[in-house]
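Engineer: To be precise about what I am sending: the file is called entry-v4.txt and holds compact mmCIF, C-alpha atoms.
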# COMPACT_ATOMS: atom_id res chain seq x y z
CA MET A 107 175.26 -18.76 -49.95
CA SER A 108 176.85 -16.81 -47.09
CA ASP A 109 174.88 -15.33 -44.19
CA GLY A 110 175.44 -11.90 -45.69
CA ASP A 111 174.07 -12.94 -49.08
CA GLU A 112 171.04 -14.48 -47.42
CA HIS A 113 170.38 -11.23 -45.53
CA ASP A 114 170.58 -9.19 -48.71
CA GLY A 115 168.16 -11.52 -50.48
CA GLU A 116 165.50 -11.04 -47.82
CA HIS A 117 165.85 -7.35 -47.03
CA GLY A 118 168.07 -5.74 -49.67
CA GLU A 119 167.42 -4.34 -53.16
CA GLY A 120 165.34 -7.28 -54.30
CA HIS A 121 162.69 -6.77 -51.58
CA HIS A 122 159.48 -4.83 -52.56
CA ASP A 123 157.64 -3.03 -49.74
CA ASP A 124 153.89 -2.81 -50.53
CA GLY A 125 153.31 -0.20 -47.81
CA PRO A 126 150.26 -0.01 -45.52
CA HIS A 127 147.01 -1.79 -46.34
CA ARG A 128 144.53 0.79 -47.66
CA GLU A 129 140.77 0.34 -48.01
CA GLU A 130 139.82 3.90 -48.96
CA PHE A 131 142.77 4.90 -51.12
CA HIS A 132 142.85 3.87 -54.78
CA GLU A 133 145.55 5.10 -57.10
CA ASP A 134 143.97 7.77 -59.29
CA PRO A 135 146.42 10.66 -59.77
CA VAL A 136 145.05 14.18 -60.10
CA GLY A 137 145.66 15.59 -63.56
CA HIS A 138 145.99 19.18 -64.65
CA THR A 139 143.19 20.92 -66.48
CA ARG A 140 144.05 22.86 -69.60
CA ALA A 141 142.49 26.07 -70.90
CA THR A 142 143.32 26.89 -74.51
CA ALA A 143 142.00 29.26 -77.13
CA ASP A 144 140.38 26.57 -79.25
CA MET A 145 138.49 24.75 -76.47
CA THR A 146 134.72 24.50 -76.24
CA VAL A 147 132.83 24.85 -72.95
CA GLY A 148 132.17 21.12 -73.06
CA GLN A 149 135.87 20.35 -73.42
CA LEU A 150 136.67 22.63 -70.49
CA VAL A 151 134.11 20.93 -68.23
CA GLU A 152 135.38 17.54 -69.40
CA GLY A 153 138.90 18.61 -68.45
CA TYR A 154 137.70 19.55 -64.98
CA GLY A 155 137.41 15.81 -64.37
CA ASP A 156 141.20 15.64 -64.17
CA ALA A 157 141.24 18.17 -61.32
CA GLY A 158 139.97 18.22 -57.75
CA ILE A 159 137.88 20.30 -55.33
CA GLY A 160 135.15 22.35 -57.09
CA ALA A 161 136.30 21.51 -60.61
CA ALA A 162 135.63 17.81 -60.03
CA SER A 163 132.11 18.62 -58.84
CA VAL A 164 131.39 20.70 -61.94
CA ASN A 165 132.59 17.83 -64.12
CA GLU A 166 130.37 15.34 -62.29
CA ALA A 167 127.37 17.66 -62.54
CA GLY A 168 127.96 18.03 -66.27
CA ASP A 169 128.02 14.25 -66.66
CA VAL A 170 124.76 13.76 -64.72
CA LEU A 171 123.02 16.60 -66.56
CA ALA A 172 124.08 15.28 -69.98
CA GLU A 173 122.87 11.76 -69.14
CA MET A 174 119.57 13.16 -67.88
CA PHE A 175 119.02 15.27 -71.01
CA ALA A 176 119.96 12.36 -73.28
CA ASN A 177 117.47 9.99 -71.64
CA GLU A 178 114.35 10.28 -73.80
CA ASP A 179 112.33 8.41 -71.16
CA CYS A 180 113.23 10.92 -68.44
CA THR A 181 110.75 13.56 -67.27
CA VAL A 182 112.82 16.64 -66.35
CA PHE A 183 111.75 19.07 -63.63
CA LEU A 184 113.54 22.44 -63.49
CA SER A 185 113.48 24.34 -60.21
CA LEU A 186 114.43 28.02 -60.57
CA ALA A 187 114.87 30.28 -57.54
CA GLY A 188 116.74 33.52 -56.99
CA ALA A 189 116.95 36.58 -59.23
CA MET A 190 117.76 34.57 -62.34
CA VAL A 191 115.66 36.58 -64.79
CA PRO A 192 116.85 40.03 -63.66
CA ALA A 193 120.44 38.74 -63.74
CA GLY A 194 120.21 37.79 -67.42
CA MET A 195 119.55 34.02 -67.31
CA ARG A 196 116.09 34.28 -68.90
CA ARG A 197 117.06 33.17 -72.40
CA ILE A 198 118.91 30.07 -71.15
CA VAL A 199 115.72 28.85 -69.48
CA SER A 200 113.39 29.68 -72.38
CA ASP A 201 115.76 27.95 -74.83
CA LEU A 202 115.81 24.81 -72.65
CA ILE A 203 112.02 24.76 -72.71
CA ARG A 204 111.68 25.42 -76.44
CA ASP A 205 114.32 22.81 -77.29
CA GLY A 206 112.51 20.10 -75.34
CA TYR A 207 114.80 19.66 -72.36
CA VAL A 208 112.27 20.64 -69.66
CA ASP A 209 108.93 18.97 -68.91
CA ALA A 210 107.91 21.09 -65.90
CA LEU A 211 109.16 24.36 -64.40
CA VAL A 212 108.85 25.28 -60.73
CA THR A 213 109.83 28.87 -60.04
CA THR A 214 109.13 32.01 -58.03
CA GLY A 215 106.56 34.72 -58.63
CA ALA A 216 109.44 37.17 -58.79
CA ASN A 217 111.05 35.44 -61.76
CA LEU A 218 107.68 35.35 -63.53
CA THR A 219 107.13 39.02 -62.76
CA HIS A 220 110.48 40.09 -64.21
CA ASP A 221 110.03 37.71 -67.15
CA ALA A 222 106.73 39.39 -68.05
CA ILE A 223 108.21 42.87 -67.68
CA GLU A 224 110.82 42.07 -70.34
CA ALA A 225 108.25 40.31 -72.55
CA ILE A 226 106.12 43.46 -72.79
CA GLY A 227 109.01 45.83 -73.43
CA GLY A 228 110.64 46.66 -70.10
CA LYS A 229 114.34 46.18 -69.44
CA HIS A 230 116.62 45.60 -66.49
CA HIS A 231 119.77 47.70 -66.44
CA HIS A 232 123.34 47.41 -65.23
CA GLY A 233 123.78 49.22 -61.93
CA ARG A 234 126.13 49.20 -58.96
CA THR A 235 125.90 48.01 -55.40
CA HIS A 236 127.08 51.31 -53.95
CA ASP A 237 128.35 54.79 -54.72
CA PRO A 238 131.89 55.21 -53.31
CA GLU A 239 131.10 58.82 -52.42
CA LYS A 240 128.04 57.89 -50.37
CA SER A 241 127.20 55.53 -47.53
CA LEU A 242 125.36 52.33 -48.47
CA ARG A 243 122.18 53.76 -47.01
CA GLU A 244 122.52 57.06 -48.84
CA HIS A 245 123.03 55.23 -52.12
CA ASP A 246 119.77 53.32 -51.80
CA GLU A 247 117.89 56.32 -50.45
CA GLY A 248 118.93 58.12 -53.64
CA LEU A 249 117.65 55.28 -55.78
CA ARG A 250 114.35 55.41 -53.86
CA ASP A 251 114.02 59.13 -54.64
CA GLU A 252 114.75 58.43 -58.32
CA GLY A 253 112.17 55.64 -58.54
CA VAL A 254 114.67 52.89 -59.22
CA ASP A 255 114.63 49.44 -57.57
CA ARG A 256 117.95 47.63 -56.99
CA ILE A 257 118.59 43.90 -57.21
CA TYR A 258 122.24 43.73 -56.15
CA ASN A 259 123.97 45.31 -59.18
CA VAL A 260 120.88 45.40 -61.42
CA TYR A 261 118.50 48.37 -61.63
CA LEU A 262 114.82 48.38 -62.62
CA PRO A 263 112.85 51.65 -63.03
CA GLN A 264 109.60 51.45 -61.10
CA GLU A 265 107.47 52.49 -64.07
CA HIS A 266 107.94 48.98 -65.42
CA PHE A 267 105.92 47.64 -62.50
CA ALA A 268 103.09 50.01 -63.41
CA ALA A 269 103.18 48.66 -66.96
CA PHE A 270 103.17 45.12 -65.56
CA GLU A 271 100.09 45.88 -63.46
CA GLY A 272 98.29 47.20 -66.53
CA HIS A 273 99.32 44.08 -68.47
CA LEU A 274 97.84 41.80 -65.82
CA ARG A 275 94.60 43.76 -65.48
CA GLU A 276 94.02 44.14 -69.21
CA GLU A 277 95.48 40.96 -70.73
CA VAL A 278 95.65 38.25 -68.05
CA PHE A 279 93.25 38.42 -65.11
CA PRO A 280 89.99 39.08 -67.07
CA GLU A 281 90.50 35.80 -68.96
CA LEU A 282 90.51 33.89 -65.66
CA GLU A 283 87.42 35.39 -64.04
CA GLY A 284 84.53 33.06 -63.19
CA ASP A 285 82.74 31.16 -60.47
CA ALA A 286 85.31 28.39 -60.18
CA PRO A 287 88.77 28.92 -58.65
CA VAL A 288 91.71 28.56 -61.03
CA SER A 289 95.02 26.90 -60.32
CA ILE A 290 98.28 28.81 -60.19
CA ALA A 291 99.38 26.76 -63.22
CA ASP A 292 96.33 28.16 -65.05
CA LEU A 293 97.47 31.65 -64.09
CA THR A 294 101.03 31.10 -65.33
CA ARG A 295 99.71 29.51 -68.54
CA GLU A 296 97.52 32.54 -69.22
CA LEU A 297 100.42 34.83 -68.33
CA GLY A 298 102.59 33.05 -70.90
CA ARG A 299 99.88 33.37 -73.56
CA ALA A 300 99.45 37.09 -72.88
CA ASN A 301 103.22 37.72 -72.78
CA ALA A 302 103.64 36.07 -76.19
CA ALA A 303 100.67 37.94 -77.69
CA VAL A 304 101.75 41.39 -76.50
CA ASN A 305 105.39 40.71 -77.39
CA GLU A 306 104.36 39.96 -80.99
CA ARG A 307 101.69 42.66 -81.22
CA ASP A 308 103.99 45.42 -79.99
CA ASP A 309 107.01 44.08 -81.92
CA VAL A 310 109.13 43.97 -78.75
CA SER A 311 112.78 43.37 -79.59
CA GLU A 312 113.38 41.14 -76.57
CA ASP A 313 112.50 37.43 -76.57
CA PRO A 314 108.95 36.72 -75.26
CA GLY A 315 110.55 34.77 -72.44
CA VAL A 316 110.12 31.85 -70.09
CA ALA A 317 106.35 31.81 -69.51
CA ALA A 318 105.70 32.34 -73.23
CA ALA A 319 108.01 29.45 -74.15
CA ALA A 320 106.25 27.22 -71.63
CA TYR A 321 102.85 28.19 -73.05
CA ASP A 322 103.95 27.55 -76.64
CA CYS A 323 105.45 24.14 -75.72
CA ASP A 324 102.68 23.07 -73.34
CA VAL A 325 105.12 22.88 -70.42
CA PRO A 326 103.42 23.55 -67.06
CA VAL A 327 104.81 26.28 -64.82
CA TYR A 328 104.22 25.90 -61.09
CA CYS A 329 104.65 28.77 -58.67
CA PRO A 330 103.90 27.47 -55.16
CA ALA A 331 104.70 30.77 -53.40
CA VAL A 332 103.13 33.12 -55.92
CA GLN A 333 101.79 35.29 -53.06
CA ASP A 334 105.39 36.23 -52.27
CA SER A 335 105.79 38.44 -55.34
CA VAL A 336 104.39 41.44 -57.20
CA LEU A 337 102.48 38.96 -59.39
CA GLY A 338 100.80 37.50 -56.31
CA LEU A 339 100.19 40.92 -54.80
CA GLN A 340 98.48 42.11 -57.98
CA ALA A 341 96.38 38.93 -58.11
CA TRP A 342 95.21 39.55 -54.56
CA MET A 343 94.36 43.20 -55.31
CA TYR A 344 92.43 42.23 -58.44
CA ALA A 345 90.49 39.60 -56.48
CA GLN A 346 89.15 42.29 -54.10
CA THR A 347 86.86 43.68 -56.78
CA ALA A 348 86.49 40.83 -59.29
CA ASP A 349 85.24 37.26 -59.40
CA PHE A 350 88.72 35.82 -59.39
CA THR A 351 90.13 33.18 -57.02
CA LEU A 352 93.30 31.10 -57.05
CA ASP A 353 93.39 27.54 -55.71
CA ALA A 354 96.86 27.06 -54.23
CA LEU A 355 96.47 23.29 -53.78
CA ASP A 356 95.20 22.39 -57.23
CA ASP A 357 98.68 22.36 -58.79
CA MET A 358 99.76 19.51 -56.55
CA THR A 359 97.45 17.06 -58.31
CA GLU A 360 98.79 17.94 -61.74
CA LEU A 361 102.42 17.89 -60.62
CA THR A 362 102.01 14.59 -58.77
CA ASP A 363 100.34 13.01 -61.81
CA LEU A 364 103.31 14.08 -63.93
CA ALA A 365 105.68 12.38 -61.49
CA PHE A 366 103.51 9.23 -61.32
CA GLU A 367 103.49 8.87 -65.10
CA ALA A 368 107.26 9.33 -65.53
CA ASP A 369 109.31 6.32 -66.61
CA ASP A 370 112.44 7.99 -65.27
CA ALA A 371 112.60 11.34 -63.45
CA GLY A 372 115.30 13.97 -63.10
CA CYS A 373 115.61 17.44 -61.63
CA LEU A 374 117.86 20.44 -62.08
CA LEU A 375 117.68 22.59 -58.93
CA VAL A 376 118.90 26.16 -59.41
CA GLY A 377 119.05 27.77 -55.99
CA GLY A 378 116.92 26.60 -53.11
CA GLY A 379 113.89 27.91 -51.31
CA VAL A 380 110.30 26.92 -52.02
CA PRO A 381 110.87 25.85 -55.67
CA LYS A 382 113.53 23.33 -54.60
CA ASN A 383 111.42 21.76 -51.87
CA PHE A 384 108.23 21.77 -53.96
CA THR A 385 110.10 19.93 -56.71
CA LEU A 386 111.68 17.36 -54.40
CA GLN A 387 108.69 16.72 -52.13
CA THR A 388 106.57 15.62 -55.10
CA MET A 389 108.30 12.25 -54.90
CA LEU A 390 107.11 11.69 -51.33
CA VAL A 391 103.62 10.81 -52.56
CA THR A 392 104.65 8.68 -55.52
CA PRO A 393 105.98 5.10 -55.57
CA ARG A 394 109.22 6.30 -57.10
CA ALA A 395 111.96 8.92 -56.62
CA TYR A 396 114.33 10.95 -58.79
CA ASP A 397 116.84 8.98 -60.88
CA TYR A 398 118.92 12.09 -61.61
CA ALA A 399 119.48 15.29 -59.66
CA VAL A 400 121.83 18.25 -60.11
CA GLN A 401 121.91 21.11 -57.63
CA ILE A 402 123.50 24.56 -57.92
CA THR A 403 123.60 26.43 -54.62
CA MET A 404 125.70 28.80 -52.54
CA ASP A 405 124.17 27.79 -49.22
CA PRO A 406 126.11 25.63 -46.73
CA GLU A 407 124.51 22.49 -45.32
CA ALA A 408 125.64 23.20 -41.75
CA THR A 409 122.89 25.78 -41.18
CA GLY A 410 120.25 23.07 -41.53
CA GLY A 411 118.29 25.06 -44.10
CA LEU A 412 116.63 23.49 -47.12
CA SER A 413 118.55 25.64 -49.61
CA GLY A 414 121.86 24.15 -48.49
CA ALA A 415 120.63 20.64 -47.81
CA THR A 416 122.62 18.06 -49.75
CA LEU A 417 121.09 15.70 -52.26
CA GLU A 418 122.39 12.84 -50.11
CA GLU A 419 120.11 14.15 -47.36
CA ALA A 420 117.23 14.16 -49.85
CA ARG A 421 117.97 10.49 -50.51
CA SER A 422 117.30 9.74 -46.83
CA TRP A 423 113.77 11.16 -47.27
CA GLY A 424 113.08 9.01 -50.32
CA LYS A 425 113.20 11.94 -52.72
CA LEU A 426 116.08 10.35 -54.66
CA GLU A 427 116.43 6.70 -55.58
CA LYS A 428 119.19 4.92 -53.64
CA ASP A 429 121.11 4.43 -56.88
CA ALA A 430 120.28 7.87 -58.33
CA ARG A 431 123.04 9.82 -60.07
CA ASN A 432 123.37 13.18 -58.38
CA ALA A 433 125.86 16.04 -58.09
CA SER A 434 126.00 19.39 -56.31
CA VAL A 435 127.87 22.47 -57.44
CA TYR A 436 128.56 25.24 -54.95
CA GLY A 437 128.81 28.63 -56.60
CA ASP A 438 127.00 31.55 -58.20
CA ALA A 439 124.24 30.15 -60.43
CA THR A 440 124.70 33.00 -62.92
CA VAL A 441 128.18 31.58 -63.53
CA MET A 442 127.54 27.86 -63.12
CA LEU A 443 124.22 27.41 -64.91
CA PRO A 444 125.33 28.64 -68.36
CA MET A 445 128.52 26.57 -68.14
CA LEU A 446 126.72 23.35 -67.20
CA ILE A 447 123.92 23.81 -69.74
CA ALA A 448 126.36 24.55 -72.56
CA ALA A 449 128.53 21.55 -71.68
CA ALA A 450 125.56 19.18 -71.37
CA ARG A 451 123.94 20.35 -74.59
CA GLU A 452 127.22 20.05 -76.44
CA ARG A 453 127.46 16.39 -75.45
CA VAL A 454 123.81 15.58 -76.21
CA GLU A 455 123.55 17.46 -79.50
Written as structure tokens, that's how I'd like the structure from this file.
Structural biologist:
Amino acid sequence: MSDGDEHDGEHGEGHHDDGPHREEFHEDPVGHTRATADMTVGQLVEGYGDAGIGAASVNEAGDVLAEMFANEDCTVFLSLAGAMVPAGMRRIVSDLIRDGYVDALVTTGANLTHDAIEAIGGKHHHGRTHDPEKSLREHDEGLRDEGVDRIYNVYLPQEHFAAFEGHLREEVFPELEGDAPVSIADLTRELGRANAAVNERDDVSEDPGVAAAAYDCDVPVYCPAVQDSVLGLQAWMYAQTADFTLDALDDMTELTDLAFEADDAGCLLVGGGVPKNFTLQTMLVTPRAYDYAVQITMDPEATGGLSGATLEEARSWGKLEKDARNASVYGDATVMLPMLIAAARERVE
């Protein structure tokens, strides 16, 4: 072999260059999601797994949620913050409860307030964030004069709050009067019973709702910041003239017992705030932590607030098991929650 042939054999066409050594990189090409007329929501979310950025996170969250729902030994905690009931997410939550996917609900007094308003015949209405012919202030001043409360682009006439007050004073609070304080879970249980009873008695066309579903299915509803709502305000006002007292700490025993007794535990965190932390911190006083966790939020982690805190950060506190399956989706919960629930239920059912 000539010198030239030898050179070609070492460095010419026959030589294969493996490129740089890579520890992090593994060949896994990004695919391209499809969207066709005959696809189900589950197929769409499954297809998101081929894509990147937010789509990949939605796919992962759908996987974790489906595995959590399919695990019959898993106790599922649902944390619900934000204006989810006024925004039209009420039926999704009540269906989850009635169909056996939720073992405990942690939510806000506001969601329970708006849930009860719809149960007894009130309705939220489509509105708008502003009137283009008025300033933002003038728009809301006009709504104030008309007796209409605004929740972003949803309107609620104030007379519904008067009806809610009457409902509490006639149907709920009297049943809880007595010498001994009652837990907030007792209050929400009685609220659910009353909502269901009035809904049926008055033949209300709307579904009896979240608290009623929880009452019917014996699912506890915890509301750790009930004072921060019209429900809490009305409870305080009623207590000024009646033998009625709430014990804010009593729920923690019941909730902790539920976590202690769980074989596996999972949580779906919709929004942040007090419900999210109350749900996660339960594991700090148990010998275990969550095996599954899915979070839907719009808050960034860089602010240091709880609502944007990552589930990886929760792992550092011992709120999630080291090997827990978890996923976070960043987006509007009114968009993301129905998609994830539909996809997960499609896979499980």
Engineer: Neighbourhood query: residues within 12 Å of (90.5, 37.4, -66.7), file coordinates, counting all atoms listed in the file; return as a short mmCIF file (atom, residue, chain, number, x, y, z; two decimals) with C-alpha atoms, in the coordinates of the input.
Structural biologist:
data_model
loop_
_atom_site.label_atom_id
_atom_site.label_comp_id
_atom_site.auth_asym_id
_atom_site.auth_seq_id
_atom_site.Cartn_x
_atom_site.Cartn_y
_atom_site.Cartn_z
CA HIS A 273 99.32 44.08 -68.47
CA LEU A 274 97.84 41.80 -65.82
CA ARG A 275 94.60 43.76 -65.48
CA GLU A 276 94.02 44.14 -69.21
CA GLU A 277 95.48 40.96 -70.73
CA VAL A 278 95.65 38.25 -68.05
CA PHE A 279 93.25 38.42 -65.11
CA PRO A 280 89.99 39.08 -67.07
CA GLU A 281 90.50 35.80 -68.96
CA LEU A 282 90.51 33.89 -65.66
CA GLU A 283 87.42 35.39 -64.04
CA GLY A 284 84.53 33.06 -63.19
CA ASP A 285 82.74 31.16 -60.47
CA PRO A 287 88.77 28.92 -58.65
CA VAL A 288 91.71 28.56 -61.03
CA ASP A 292 96.33 28.16 -65.05
CA LEU A 293 97.47 31.65 -64.09
CA GLU A 296 97.52 32.54 -69.22
CA LEU A 297 100.42 34.83 -68.33
CA ALA A 300 99.45 37.09 -72.88
CA ALA A 341 96.38 38.93 -58.11
CA TYR A 344 92.43 42.23 -58.44
CA ALA A 345 90.49 39.60 -56.48
CA ALA A 348 86.49 40.83 -59.29
CA ASP A 349 85.24 37.26 -59.40
CA PHE A 350 88.72 35.82 -59.39
CA THR A 351 90.13 33.18 -57.02
CA LEU A 352 93.30 31.10 -57.05
#
Engineer: Find, counting all atoms listed in the file, the residue in A:Leu186, A:Leu171, A:Ala143, A:Ala433 that gets nearest to Val454 (chain A).
Structural biologist: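 Ranked by minimum distance to Val454 (chain A), first place goes to A:Leu171.
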Engineer: Between A:Ala167, A:Leu218, A:Ala430, A:Leu390, which has the minimum distance to Cys329 (chain A) (counting all atoms listed in the file)?
Structural biologist: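 Of A:Ala167, A:Leu218, A:Ala430, A:Leu390, the one nearest Cys329 (chain A) is A:Leu218, counting all atoms listed in the file.
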Engineer: What does the distance from CA of Leu249 (chain A) to CA of Ala268 (chain A) come to in Å, to one decimal?
Structural biologist: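 For CA of Leu249 (chain A) relative to CA of Ala268 (chain A), the distance reads 17.3 Å.
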Engineer: Please indicate the distance in Å from CA of Ala331 (chain A) to CA of Thr385 (chain A), rounded to one decimal place.
Structural biologist: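 Atom-to-atom, CA of Ala331 (chain A) and CA of Thr385 (chain A) are spaced 12.6 Å apart.
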Engineer: Please, what distance in Å, to one decimal, runs between CA of Val147 (chain A) and CA of Met445 (chain A)?
Structural biologist: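 Those two atoms sit 6.7 Å apart.
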Engineer: Restricting the calculation to all atoms listed in the file, which member of A:Leu443, A:Val400, A:Ala317, A:Ala448 is positioned closest to Arg204 (chain A)?
Structural biologist: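 Once distances to Arg204 (chain A) are computed over all atoms listed in the file, the minimum belongs to A:Ala317.
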Engineer: Is it possible to get the axis-aligned box enclosing region 290-308 of chain A (all listed atoms, 3 Å extra per side) as JSON, with centre and edge lengths in Å rounded to one decimal?
Structural biologist:
{"center_x": 100.9, "center_y": 36.1, "center_z": -70.7, "size_x": 15.1, "size_y": 24.7, "size_z": 27.0}
Engineer: Near Thr213 (chain A), within 8 Å and counting only C-alpha atoms, which residues show up once chain neighbours fewer than 6 positions away are dropped, as a PyMOL selection string?
Structural biologist: chain A and resi 185-187+327-330+381
Engineer: Write a file of the just-selected residues containing C-alpha atoms, as a short mmCIF file (atom, residue, chain, number, x, y, z; two decimals), keeping the file's coordinate frame.
Structural biologist:
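Produced file again.cif, reproduced below:
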data_model
loop_
_atom_site.label_atom_id
_atom_site.label_comp_id
_atom_site.auth_asym_id
_atom_site.auth_seq_id
_atom_site.Cartn_x
_atom_site.Cartn_y
_atom_site.Cartn_z
CA SER A 185 113.48 24.34 -60.21
CA LEU A 186 114.43 28.02 -60.57
CA ALA A 187 114.87 30.28 -57.54
CA VAL A 327 104.81 26.28 -64.82
CA TYR A 328 104.22 25.90 -61.09
CA CYS A 329 104.65 28.77 -58.67
CA PRO A 330 103.90 27.47 -55.16
CA PRO A 381 110.87 25.85 -55.67
#
Engineer: Applying 9 Å and all atoms listed in the file, which residues near Asn383 (chain A) remain after dropping the ones on its own chain fewer than 3 positions away? List them as a PyMOL selection string.
Structural biologist: chain A and resi 185+378-380+386-388+412-413
Engineer: Out of A:Val336, A:Ile290, A:Ile447, A:Met358, which residue has the shortest atom-to-atom distance to Tyr207 (chain A) when counting all atoms listed in the file?
Structural biologist: A:Ile447
Engineer: Could you list as number ranges by chain every residue that has an atom within 9 Å of (142.0, 20.4, -65.0), using the file's coordinates and counting all atoms listed in the file?
Structural biologist: A: 136-141, 150-158, 161-162
Engineer: If we count only C-alpha atoms, what is near Asn259 (chain A) at a cut-off of 8 Å, once residues fewer than 3 positions away on the same chain are taken out, given as a PyMOL selection string?
Structural biologist: chain A and resi 232-235+256
